[in-house]
Amino acid sequence: MAIRTGEPASAGRGPGQEELPEEDGERHKLTALQGLAALSLDAMASVAYGPESIVLVLAAAGAYGLGFTLPVTLAIAALLAVLVASYRQVIAAFPDGGGSYAVAKRHLGRRTSLVAAASLILDYVLNVAVSVTAGVAALTSAFPALYGDRPWICLGVLVLVTAVNLRGVVDSAKAFLVPTAVFVGSILAMITVGLFRDGPVSTETAAGHASALGEGATTVGALLLLKAFAAGCSALTGVEAVANAVPSFRAPAARRARRTEAALGALLGVMLIGLSVLIGRFHLQPVEGVTVLAQLADAAFGHNAAFYVVQFATAVLLALAANTSFGGLPVLMGLLARDNFLPHVFALKADRQVHRHGVVWLALVSAVLLVFSGGDANAIVPLFAIGVFVGFTLCQVGMVRHWVLERPAGWPGKAALNGFGALLTGVCAVVVTATRFSEGAWLIVVALPLLVLAFEKVHRTYGLIGERLELGRLPQFPRRSHSLVVVPVSGLSLLTCRALTAARSLGDQVLAVTVTHPAPEDRAAAEALRRDWELWDPGVELVELPSPTRSLGRPVAGCVRGLTEQRPGAQVTVLIPETEPERLWQRLLQNQRGSVVAHAVRRDTDAVICRLRFRVTADTGPSPADVDYATGRKGVKDASGFRRTRL
């Protein structure tokens with residue numbers, strides 16, 4: 001008889017996680033167009049800072065250095081084509097998603113796959129922080145009065161994006177489809193109009209700002225070009241997101257994801273090359289306080305409404321680019337949880353096909369980054385893009401091994417393509433890390449192995465749990481043992497009656513216990529409970545547990561421990577009766593004694609804990625303890641606040 005192993009123990013449906021019909025489940029998944037809006041915002045928005053990163057590096061060599069903007073961009077576009085082609089192959093070969101993690105896991109070993117997963121997780125988290133802060137920076141550039149409120153605005157944007165994603169990836173795609181279309185349309189229109197201009201229509205945006213251009217030079221060194229190439233490669237972040245989230249697409253998922261990846265590569269390539277052509281055509285020079293994209297919009301459209309449309313669309317899309325992380329990271333975390341490298345709770349899906357725990361975790365970590373950075377993008381950017389190049393490189397190397405092992409038709413060309421891509425991305429990873437190490441990139445170098453060690457720790461822990469549970473082996477035949485049920489009580493009520501009724505149904509022997517204290521008012525309440533119990537005579541022994549302190553949980557746990565030692569073969573169950581008010585706020589009125597007892601018993605014993613909930617609603621009828629079910633006489637509250645019968 002075969003037994004499935006390796007599945008999360010909590011991977012089943014929990015409360016509120018009913019299995020959806022197939023048609024309803026597909027309705028909450030992405031089409032190719034929706035995938036472009038949900039998973040490509042990071043890559044699309046990178047055109048706002050990718051070309052600028054190249055220009056700022058080359059500006060160190062003066063106007064002569066800026067002449068290499070287009071060649072560097074063409075090299076990046078060539079790398080983009082390699083990556084898009086590679087990830088389309090990854091999607092076809094690994095339709096369950098996971099991207100570089102899935103590739104490395106199969107072909108490069110477990111430890112390498114964890115490095116790929118850790119690099120992606122770090123990049124996804126940083127992408128949220130960078131995107132939100134960059135979007136807010138664009139907003140505060142247009143409205144300087146908001147500059148001091150950047151952290152709060154960043155947190156507000158993060159809450160908005162998180163709330164939309166908690167409703168499902170399809171809802172987020174629908175919400176972000178229009179901003180994406182406006183941004184792409186405005187950039188393409190700006191490029192088209194700019195190509196027909198002989199010169200800039202306006203330079204009003206850059207007027208009065210200090211130039212960031214370096215001293216004139218007649219040569220440009222290879223190191224500077226390499227640094228510009230590595231800086232511009234920040235525009236490639238997000239290319240892998242589609243491959244990570246293939247299960248989020250409607251069937252046929254792999255085909256739709258491949259179409260989305262191709263469309264993303266085409267749009268991103270056209271925009272990057274087009275903007276670089278305009279930079280050279282308008283002889284644009286970087287200035288302090290004004291983005292390159294703003295200068296291009298001013299030069300192509302003039303300082304009019306179209307200029308502000310581009311700026312506003314850029315600000316919105318940069319802020320919403322965090323959605324790429326919310327679409328890709330929860331799926332990746334779900335795969336890691338399925339493989340026992342993360343808590344199994346991350347593998348659970350809600351009724352809208354949402355990994356809600358992954359979404360919430362990403363939002364919380366990103367909020368911490370935003371608070372510590374003060375909403376300043378410059379404090380986070382040095383950490384950005386390092387992880388994604390590590391993932392790119394491992395994915396490319398893994399795909400080379402994939403082609404060598406599988407040997408499909410045309411495999412030498414495919415392996416060569418991936419090998420070339422691995423070389424380029426590997427060089428970028430080294431250059432980016434080296435050039436940004438002193439600016440904060442060392443944090444990523446430290447965090448990456450720590451995250452891998454955390455994955456290993458979680459995996460070992462699940463392995464030990466699996467051994468204790470004897471997963472993968474047929475268990476012993478179940479046998480019946482003597483059952484003793486302990487019921488903590490503090491007074492007589494309908495709740496007490498129902499608790500003892502349930503206990504008698506569960507066990508062979510039932511024992512009621514009550515904790516007594518030496519204070520005079522407590523002694524009076526204990527004596528009253530003893531008299532009422534004898535009069536009621538439920539057929540269950542009531543044992544008093546003296547407690548010299550005000551402790552409630554420890555005496556009960558000590559009693560349970562003693563019973564377990566006296567009856568080594570018996571199954572001891574602690575049944576804790578509790579009321580559950582009709583309204584949520586009314587739970588604040590409860591004394592939480594049940595939670596205190598449950599915590600102590602769970603901590604100090606191996607007994608089974610059963611918490612019996614008695615729901616108090618408007619139609620429950622008269623108060624449960626108003627009538628003594630043995631005598632029919634009315635009840636009153638004693639000094640301890642519990643209702644007892646009036647004798």
# chains A, B, ... in the order shown; residues from 1 in each chain; ligands from 1
>>> residues_around(residues="Arg259 in chain A", least_positions_apart="3", cutoff="12 Å", atoms="only C-alpha atoms", output="ChimeraX atom specification")
/A:31-36,84-85,87-89,91-92,242-243,246,249,252-256,262-266
>>> write_last_selection(atoms="N, CA, C and O atoms", output="tab-separated table (two decimals), in the first residue's frame")
chain	number	residue	atom	x	y	z
A	31	THR	N	-5.53	35.69	-17.65
A	31	THR	CA	-5.35	35.54	-19.09
A	31	THR	C	-3.96	36.09	-19.43
A	31	THR	O	-3.26	36.63	-18.56
A	32	ALA	N	-3.56	35.99	-20.69
A	32	ALA	CA	-2.24	36.50	-21.09
A	32	ALA	C	-2.17	38.01	-20.90
A	32	ALA	O	-1.15	38.54	-20.40
A	33	LEU	N	-3.23	38.74	-21.26
A	33	LEU	CA	-3.23	40.19	-21.12
A	33	LEU	C	-3.23	40.60	-19.65
A	33	LEU	O	-2.51	41.52	-19.24
A	34	GLN	N	-4.04	39.90	-18.84
A	34	GLN	CA	-4.05	40.21	-17.41
A	34	GLN	C	-2.71	39.88	-16.77
A	34	GLN	O	-2.26	40.58	-15.85
A	35	GLY	N	-2.06	38.82	-17.25
A	35	GLY	CA	-0.73	38.49	-16.74
A	35	GLY	C	0.27	39.59	-17.01
A	35	GLY	O	1.16	39.86	-16.20
A	36	LEU	N	0.12	40.26	-18.15
A	36	LEU	CA	1.01	41.37	-18.48
A	36	LEU	C	0.84	42.51	-17.48
A	36	LEU	O	1.82	43.15	-17.09
A	84	VAL	N	14.47	36.47	-22.20
A	84	VAL	CA	13.09	36.17	-22.56
A	84	VAL	C	12.99	34.81	-23.24
A	84	VAL	O	12.12	33.99	-22.92
A	85	ALA	N	13.89	34.56	-24.18
A	85	ALA	CA	13.89	33.25	-24.85
A	85	ALA	C	14.13	32.13	-23.85
A	85	ALA	O	13.50	31.06	-23.92
A	87	TYR	N	13.54	32.16	-20.54
A	87	TYR	CA	12.42	31.96	-19.61
A	87	TYR	C	11.19	31.40	-20.30
A	87	TYR	O	10.35	30.76	-19.67
A	88	ARG	N	11.05	31.63	-21.59
A	88	ARG	CA	9.98	30.94	-22.32
A	88	ARG	C	10.24	29.44	-22.33
A	88	ARG	O	9.32	28.63	-22.22
A	89	GLN	N	11.51	29.06	-22.44
A	89	GLN	CA	11.85	27.64	-22.38
A	89	GLN	C	11.65	27.10	-20.96
A	89	GLN	O	11.23	25.95	-20.78
A	91	ILE	N	9.42	28.13	-18.84
A	91	ILE	CA	7.97	27.98	-18.66
A	91	ILE	C	7.49	26.67	-19.27
A	91	ILE	O	6.68	25.95	-18.66
A	92	ALA	N	7.98	26.35	-20.45
A	92	ALA	CA	7.56	25.11	-21.11
A	92	ALA	C	8.08	23.88	-20.37
A	92	ALA	O	7.37	22.88	-20.25
A	242	VAL	N	7.08	36.10	-14.58
A	242	VAL	CA	6.08	35.28	-15.27
A	242	VAL	C	6.39	33.80	-15.10
A	242	VAL	O	5.50	32.98	-14.84
A	243	ALA	N	7.66	33.43	-15.22
A	243	ALA	CA	8.05	32.02	-15.07
A	243	ALA	C	7.83	31.53	-13.65
A	243	ALA	O	7.56	30.34	-13.43
A	246	VAL	N	3.61	30.70	-13.17
A	246	VAL	CA	2.85	30.01	-14.23
A	246	VAL	C	1.53	29.43	-13.72
A	246	VAL	O	0.51	29.51	-14.42
A	249	PHE	N	-1.93	31.33	-14.16
A	249	PHE	CA	-2.58	31.55	-15.45
A	249	PHE	C	-3.68	30.51	-15.69
A	249	PHE	O	-3.63	29.39	-15.16
A	252	PRO	N	-4.68	26.81	-21.21
A	252	PRO	CA	-3.38	26.18	-20.96
A	252	PRO	C	-2.39	27.18	-20.38
A	252	PRO	O	-2.00	28.15	-21.06
A	253	ALA	N	-1.99	26.97	-19.12
A	253	ALA	CA	-1.21	27.96	-18.38
A	253	ALA	C	0.14	28.23	-19.02
A	253	ALA	O	0.55	29.39	-19.15
A	254	ALA	N	0.84	27.18	-19.45
A	254	ALA	CA	2.18	27.37	-20.01
A	254	ALA	C	2.13	28.21	-21.29
A	254	ALA	O	2.97	29.09	-21.51
A	255	ARG	N	1.13	27.94	-22.14
A	255	ARG	CA	1.04	28.69	-23.40
A	255	ARG	C	0.75	30.16	-23.14
A	255	ARG	O	1.34	31.05	-23.75
A	256	ARG	N	-0.19	30.43	-22.22
A	256	ARG	CA	-0.51	31.83	-21.90
A	256	ARG	C	0.70	32.53	-21.28
A	256	ARG	O	0.97	33.70	-21.57
A	262	ALA	N	6.74	36.78	-23.92
A	262	ALA	CA	7.16	37.34	-25.21
A	262	ALA	C	6.69	38.79	-25.35
A	262	ALA	O	7.45	39.66	-25.81
A	263	ALA	N	5.44	39.06	-24.97
A	263	ALA	CA	4.92	40.43	-25.05
A	263	ALA	C	5.69	41.37	-24.13
A	263	ALA	O	6.01	42.51	-24.51
A	264	LEU	N	6.03	40.88	-22.94
A	264	LEU	CA	6.81	41.69	-22.01
A	264	LEU	C	8.17	42.03	-22.60
A	264	LEU	O	8.60	43.20	-22.58
A	265	GLY	N	8.86	41.04	-23.17
A	265	GLY	CA	10.17	41.29	-23.75
A	265	GLY	C	10.11	42.26	-24.91
A	265	GLY	O	10.97	43.16	-25.04
A	266	ALA	N	9.10	42.12	-25.77
A	266	ALA	CA	8.98	43.00	-26.93
A	266	ALA	C	8.73	44.45	-26.51
A	266	ALA	O	9.39	45.38	-27.00
>>> closest_residue(among="A:Pro151, A:Gly302, A:Gly232, A:Gly99", to="Gly194 in chain A", atoms="only C-alpha atoms")
A:Gly302
>>> atom_distance(atom1="CA of Asp42 in chain A", atom2="CA of Thr237 in chain A")
6.8 Å
>>> closest_atom_pairs(of="range 96-194 of chain A", to="range 310-315 of chain A", cutoff="7 Å", atoms="only C-alpha atoms", output="Markdown table")
| residue | atom | partner | partner_atom | distance |
| --- | --- | --- | --- | --- |
| A:Gly135 | CA | A:Ala315 | CA | 4.5 |
| A:Val136 | CA | A:Ala315 | CA | 6.8 |
| A:Ala138 | CA | A:Ala315 | CA | 5.2 |
| A:Leu139 | CA | A:Ala315 | CA | 5.9 |
| A:Pro179 | CA | A:Ala313 | CA | 6.7 |
| A:Val182 | CA | A:Ala313 | CA | 6.5 |
| A:Phe183 | CA | A:Ala313 | CA | 5.1 |
| A:Ser186 | CA | A:Val310 | CA | 5.9 |
>>> write_last_selection(atoms="all heavy atoms", output="mmCIF file, in the first residue's frame")
data_model
loop_
_atom_site.group_PDB
_atom_site.id
_atom_site.type_symbol
_atom_site.label_atom_id
_atom_site.label_comp_id
_atom_site.auth_asym_id
_atom_site.auth_seq_id
_atom_site.Cartn_x
_atom_site.Cartn_y
_atom_site.Cartn_z
ATOM 1 N N GLY A 135 7.960 55.578 -6.794
ATOM 2 C CA GLY A 135 6.693 56.172 -7.204
ATOM 3 C C GLY A 135 6.332 57.385 -6.368
ATOM 4 O O GLY A 135 5.888 58.419 -6.889
ATOM 5 N N VAL A 136 6.545 57.271 -5.058
ATOM 6 C CA VAL A 136 6.260 58.404 -4.175
ATOM 7 C C VAL A 136 7.228 59.547 -4.446
ATOM 8 O O VAL A 136 6.859 60.724 -4.358
ATOM 9 C CB VAL A 136 6.321 57.944 -2.704
ATOM 10 C CG1 VAL A 136 6.218 59.139 -1.756
ATOM 11 C CG2 VAL A 136 5.203 56.947 -2.416
ATOM 12 N N ALA A 138 8.459 60.347 -7.375
ATOM 13 C CA ALA A 138 7.931 61.036 -8.560
ATOM 14 C C ALA A 138 6.764 61.941 -8.181
ATOM 15 O O ALA A 138 6.606 63.043 -8.721
ATOM 16 C CB ALA A 138 7.501 60.014 -9.608
ATOM 17 N N LEU A 139 5.944 61.480 -7.218
ATOM 18 C CA LEU A 139 4.802 62.283 -6.780
ATOM 19 C C LEU A 139 5.258 63.526 -6.030
ATOM 20 O O LEU A 139 4.760 64.636 -6.276
ATOM 21 C CB LEU A 139 3.896 61.429 -5.892
ATOM 22 C CG LEU A 139 2.641 62.109 -5.347
ATOM 23 C CD1 LEU A 139 1.694 62.479 -6.479
ATOM 24 C CD2 LEU A 139 1.936 61.201 -4.346
ATOM 25 N N PRO A 179 -3.788 51.587 -15.637
ATOM 26 C CA PRO A 179 -2.527 52.327 -15.454
ATOM 27 C C PRO A 179 -1.391 51.790 -16.313
ATOM 28 O O PRO A 179 -0.579 52.577 -16.828
ATOM 29 C CB PRO A 179 -2.222 52.138 -13.960
ATOM 30 C CG PRO A 179 -3.540 51.859 -13.334
ATOM 31 C CD PRO A 179 -4.321 51.099 -14.354
ATOM 32 N N VAL A 182 -1.992 53.009 -19.904
ATOM 33 C CA VAL A 182 -1.722 54.449 -20.030
ATOM 34 C C VAL A 182 -0.220 54.707 -20.055
ATOM 35 O O VAL A 182 0.278 55.501 -20.870
ATOM 36 C CB VAL A 182 -2.385 55.224 -18.871
ATOM 37 C CG1 VAL A 182 -1.934 56.684 -18.878
ATOM 38 C CG2 VAL A 182 -3.901 55.132 -18.977
ATOM 39 N N PHE A 183 0.527 54.033 -19.177
ATOM 40 C CA PHE A 183 1.974 54.238 -19.127
ATOM 41 C C PHE A 183 2.640 53.785 -20.425
ATOM 42 O O PHE A 183 3.423 54.537 -21.025
ATOM 43 C CB PHE A 183 2.558 53.476 -17.939
ATOM 44 C CG PHE A 183 4.057 53.531 -17.868
ATOM 45 C CD1 PHE A 183 4.705 54.645 -17.369
ATOM 46 C CD2 PHE A 183 4.822 52.461 -18.306
ATOM 47 C CE1 PHE A 183 6.092 54.707 -17.303
ATOM 48 C CE2 PHE A 183 6.205 52.508 -18.251
ATOM 49 C CZ PHE A 183 6.845 53.633 -17.750
ATOM 50 N N SER A 186 1.703 56.083 -23.289
ATOM 51 C CA SER A 186 2.334 57.405 -23.240
ATOM 52 C C SER A 186 3.819 57.331 -23.597
ATOM 53 O O SER A 186 4.340 58.217 -24.286
ATOM 54 C CB SER A 186 2.158 58.012 -21.843
ATOM 55 O OG SER A 186 2.800 57.217 -20.861
#
>>> select_by_dssp(residues="range 359-601 of chain A", states="strand (DSSP E or B)", output="VMD selection string")
chain A and resid 483 to 488 509 to 516 541 to 546 571 to 581
>>> closest_residue(among="A:Val103, A:Leu80, A:Ala60, A:Ala429", to="His402 in chain A", atoms="only C-alpha atoms")
A:Val103
>>> atom_distance(atom1="CA of Arg401 in chain A", atom2="CA of Leu336 in chain A")
22.1 Å
>>> closest_residue(among="A:Glu580, A:Glu261, A:Glu456, A:Glu52", to="Gln285 in chain A", atoms="only C-alpha atoms")
A:Glu52
>>> atom_distance(atom1="CA of Gly62 in chain A", atom2="CA of Arg436 in chain A")
22.0 Å
>>> closest_residue(among="A:Cys610, A:Leu443, A:Val458, A:Ala145", to="Ala337 in chain A", atoms="only C-alpha atoms")
A:Val458
>>> residues_around(residues="Pro555 in chain A", least_positions_apart="6", cutoff="12 Å", atoms="only C-alpha atoms", output="list in words")
Pro488, Val513, Thr514, Val515, Thr516, His517, Val543, Glu544, Leu545, Pro546, Ser547, Pro548, Thr549, Arg561, Gly562, Val596, Val597, Ala600, Val601 and Asp604 of chain A
>>> write_last_selection(atoms="N, CA and C atoms", output="short mmCIF file (atom, residue, chain, number, x, y, z; two decimals), in the first residue's frame")
data_model
loop_
_atom_site.label_atom_id
_atom_site.label_comp_id
_atom_site.auth_asym_id
_atom_site.auth_seq_id
_atom_site.Cartn_x
_atom_site.Cartn_y
_atom_site.Cartn_z
N PRO A 488 -12.26 21.29 33.79
CA PRO A 488 -12.13 22.40 34.74
C PRO A 488 -13.44 23.17 34.85
N VAL A 513 -12.63 19.33 37.98
CA VAL A 513 -11.66 19.94 38.88
C VAL A 513 -11.95 21.43 38.98
N THR A 514 -11.69 22.00 40.15
CA THR A 514 -11.83 23.43 40.35
C THR A 514 -10.67 23.92 41.18
N VAL A 515 -10.12 25.06 40.84
CA VAL A 515 -8.98 25.64 41.55
C VAL A 515 -9.49 26.55 42.65
N THR A 516 -9.00 26.35 43.87
CA THR A 516 -9.41 27.15 45.02
C THR A 516 -8.23 27.97 45.52
N HIS A 517 -8.55 29.14 46.07
CA HIS A 517 -7.54 30.06 46.59
C HIS A 517 -7.83 30.35 48.05
N VAL A 543 -13.10 17.57 42.20
CA VAL A 543 -11.84 17.60 42.94
C VAL A 543 -11.38 19.04 43.06
N GLU A 544 -11.09 19.47 44.29
CA GLU A 544 -10.58 20.82 44.52
C GLU A 544 -9.06 20.82 44.44
N LEU A 545 -8.52 21.80 43.74
CA LEU A 545 -7.07 21.92 43.58
C LEU A 545 -6.63 23.20 44.27
N PRO A 546 -6.11 23.09 45.50
CA PRO A 546 -5.68 24.29 46.24
C PRO A 546 -4.50 24.96 45.54
N SER A 547 -4.53 26.30 45.50
CA SER A 547 -3.45 27.07 44.89
C SER A 547 -3.13 28.24 45.81
N PRO A 548 -1.96 28.22 46.46
CA PRO A 548 -1.62 29.31 47.38
C PRO A 548 -1.46 30.66 46.68
N THR A 549 -1.15 30.61 45.40
CA THR A 549 -1.04 31.84 44.62
C THR A 549 -2.31 32.01 43.79
N ARG A 561 -0.91 16.01 35.05
CA ARG A 561 0.36 15.29 35.05
C ARG A 561 0.35 14.14 36.06
N GLY A 562 -0.23 14.39 37.23
CA GLY A 562 -0.33 13.34 38.22
C GLY A 562 -1.23 12.20 37.77
N VAL A 596 -5.79 30.43 29.37
CA VAL A 596 -4.74 30.26 30.37
C VAL A 596 -4.56 28.79 30.70
N VAL A 597 -5.67 28.09 30.94
CA VAL A 597 -5.61 26.67 31.27
C VAL A 597 -5.06 25.86 30.09
N ALA A 600 -1.25 26.26 29.78
CA ALA A 600 -0.50 25.54 30.81
C ALA A 600 -0.50 24.04 30.56
N VAL A 601 -1.64 23.49 30.19
CA VAL A 601 -1.74 22.04 29.94
C VAL A 601 -0.91 21.66 28.72
N ASP A 604 2.92 21.84 29.76
CA ASP A 604 3.47 20.96 30.80
C ASP A 604 3.06 19.50 30.68
#
>>> select_by_dssp(residues="range 277-312 of chain A", states="alpha helix (DSSP H)", output="PyMOL selection string")
chain A and resi 277-281+292-301+305-312
>>> decode(residues="range 152-163 of chain A", atoms="N, CA and C atoms", output="PDB file, in the first residue's frame")
ATOM      1  N   TRP A 152       4.726  58.031   5.312  1.00  0.00           N
ATOM      2  CA  TRP A 152       3.302  57.717   5.462  1.00  0.00           C
ATOM      3  C   TRP A 152       2.649  57.459   4.107  1.00  0.00           C
ATOM      4  N   ILE A 153       3.041  58.221   3.092  1.00  0.00           N
ATOM      5  CA  ILE A 153       2.485  57.986   1.756  1.00  0.00           C
ATOM      6  C   ILE A 153       2.914  56.614   1.248  1.00  0.00           C
ATOM      7  N   CYS A 154       4.179  56.253   1.490  1.00  0.00           N
ATOM      8  CA  CYS A 154       4.671  54.930   1.074  1.00  0.00           C
ATOM      9  C   CYS A 154       3.867  53.817   1.734  1.00  0.00           C
ATOM     10  N   LEU A 155       3.628  53.948   3.032  1.00  0.00           N
ATOM     11  CA  LEU A 155       2.861  52.918   3.742  1.00  0.00           C
ATOM     12  C   LEU A 155       1.419  52.867   3.232  1.00  0.00           C
ATOM     13  N   GLY A 156       0.857  54.037   2.901  1.00  0.00           N
ATOM     14  CA  GLY A 156      -0.499  54.056   2.353  1.00  0.00           C
ATOM     15  C   GLY A 156      -0.585  53.335   1.017  1.00  0.00           C
ATOM     16  N   VAL A 157       0.406  53.574   0.142  1.00  0.00           N
ATOM     17  CA  VAL A 157       0.447  52.885  -1.152  1.00  0.00           C
ATOM     18  C   VAL A 157       0.604  51.380  -0.940  1.00  0.00           C
ATOM     19  N   LEU A 158       1.468  50.993   0.000  1.00  0.00           N
ATOM     20  CA  LEU A 158       1.681  49.571   0.284  1.00  0.00           C
ATOM     21  C   LEU A 158       0.398  48.911   0.771  1.00  0.00           C
ATOM     22  N   VAL A 159      -0.333  49.586   1.634  1.00  0.00           N
ATOM     23  CA  VAL A 159      -1.608  49.039   2.119  1.00  0.00           C
ATOM     24  C   VAL A 159      -2.581  48.861   0.963  1.00  0.00           C
ATOM     25  N   LEU A 160      -2.634  49.833   0.061  1.00  0.00           N
ATOM     26  CA  LEU A 160      -3.540  49.749  -1.089  1.00  0.00           C
ATOM     27  C   LEU A 160      -3.201  48.553  -1.974  1.00  0.00           C
ATOM     28  N   VAL A 161      -1.913  48.395  -2.318  1.00  0.00           N
ATOM     29  CA  VAL A 161      -1.500  47.291  -3.179  1.00  0.00           C
ATOM     30  C   VAL A 161      -1.756  45.953  -2.495  1.00  0.00           C
ATOM     31  N   THR A 162      -1.492  45.890  -1.193  1.00  0.00           N
ATOM     32  CA  THR A 162      -1.722  44.646  -0.449  1.00  0.00           C
ATOM     33  C   THR A 162      -3.200  44.292  -0.434  1.00  0.00           C
ATOM     34  N   ALA A 163      -4.055  45.278  -0.178  1.00  0.00           N
ATOM     35  CA  ALA A 163      -5.492  45.019  -0.124  1.00  0.00           C
ATOM     36  C   ALA A 163      -6.015  44.509  -1.458  1.00  0.00           C
TER      37      ALA A 163
END
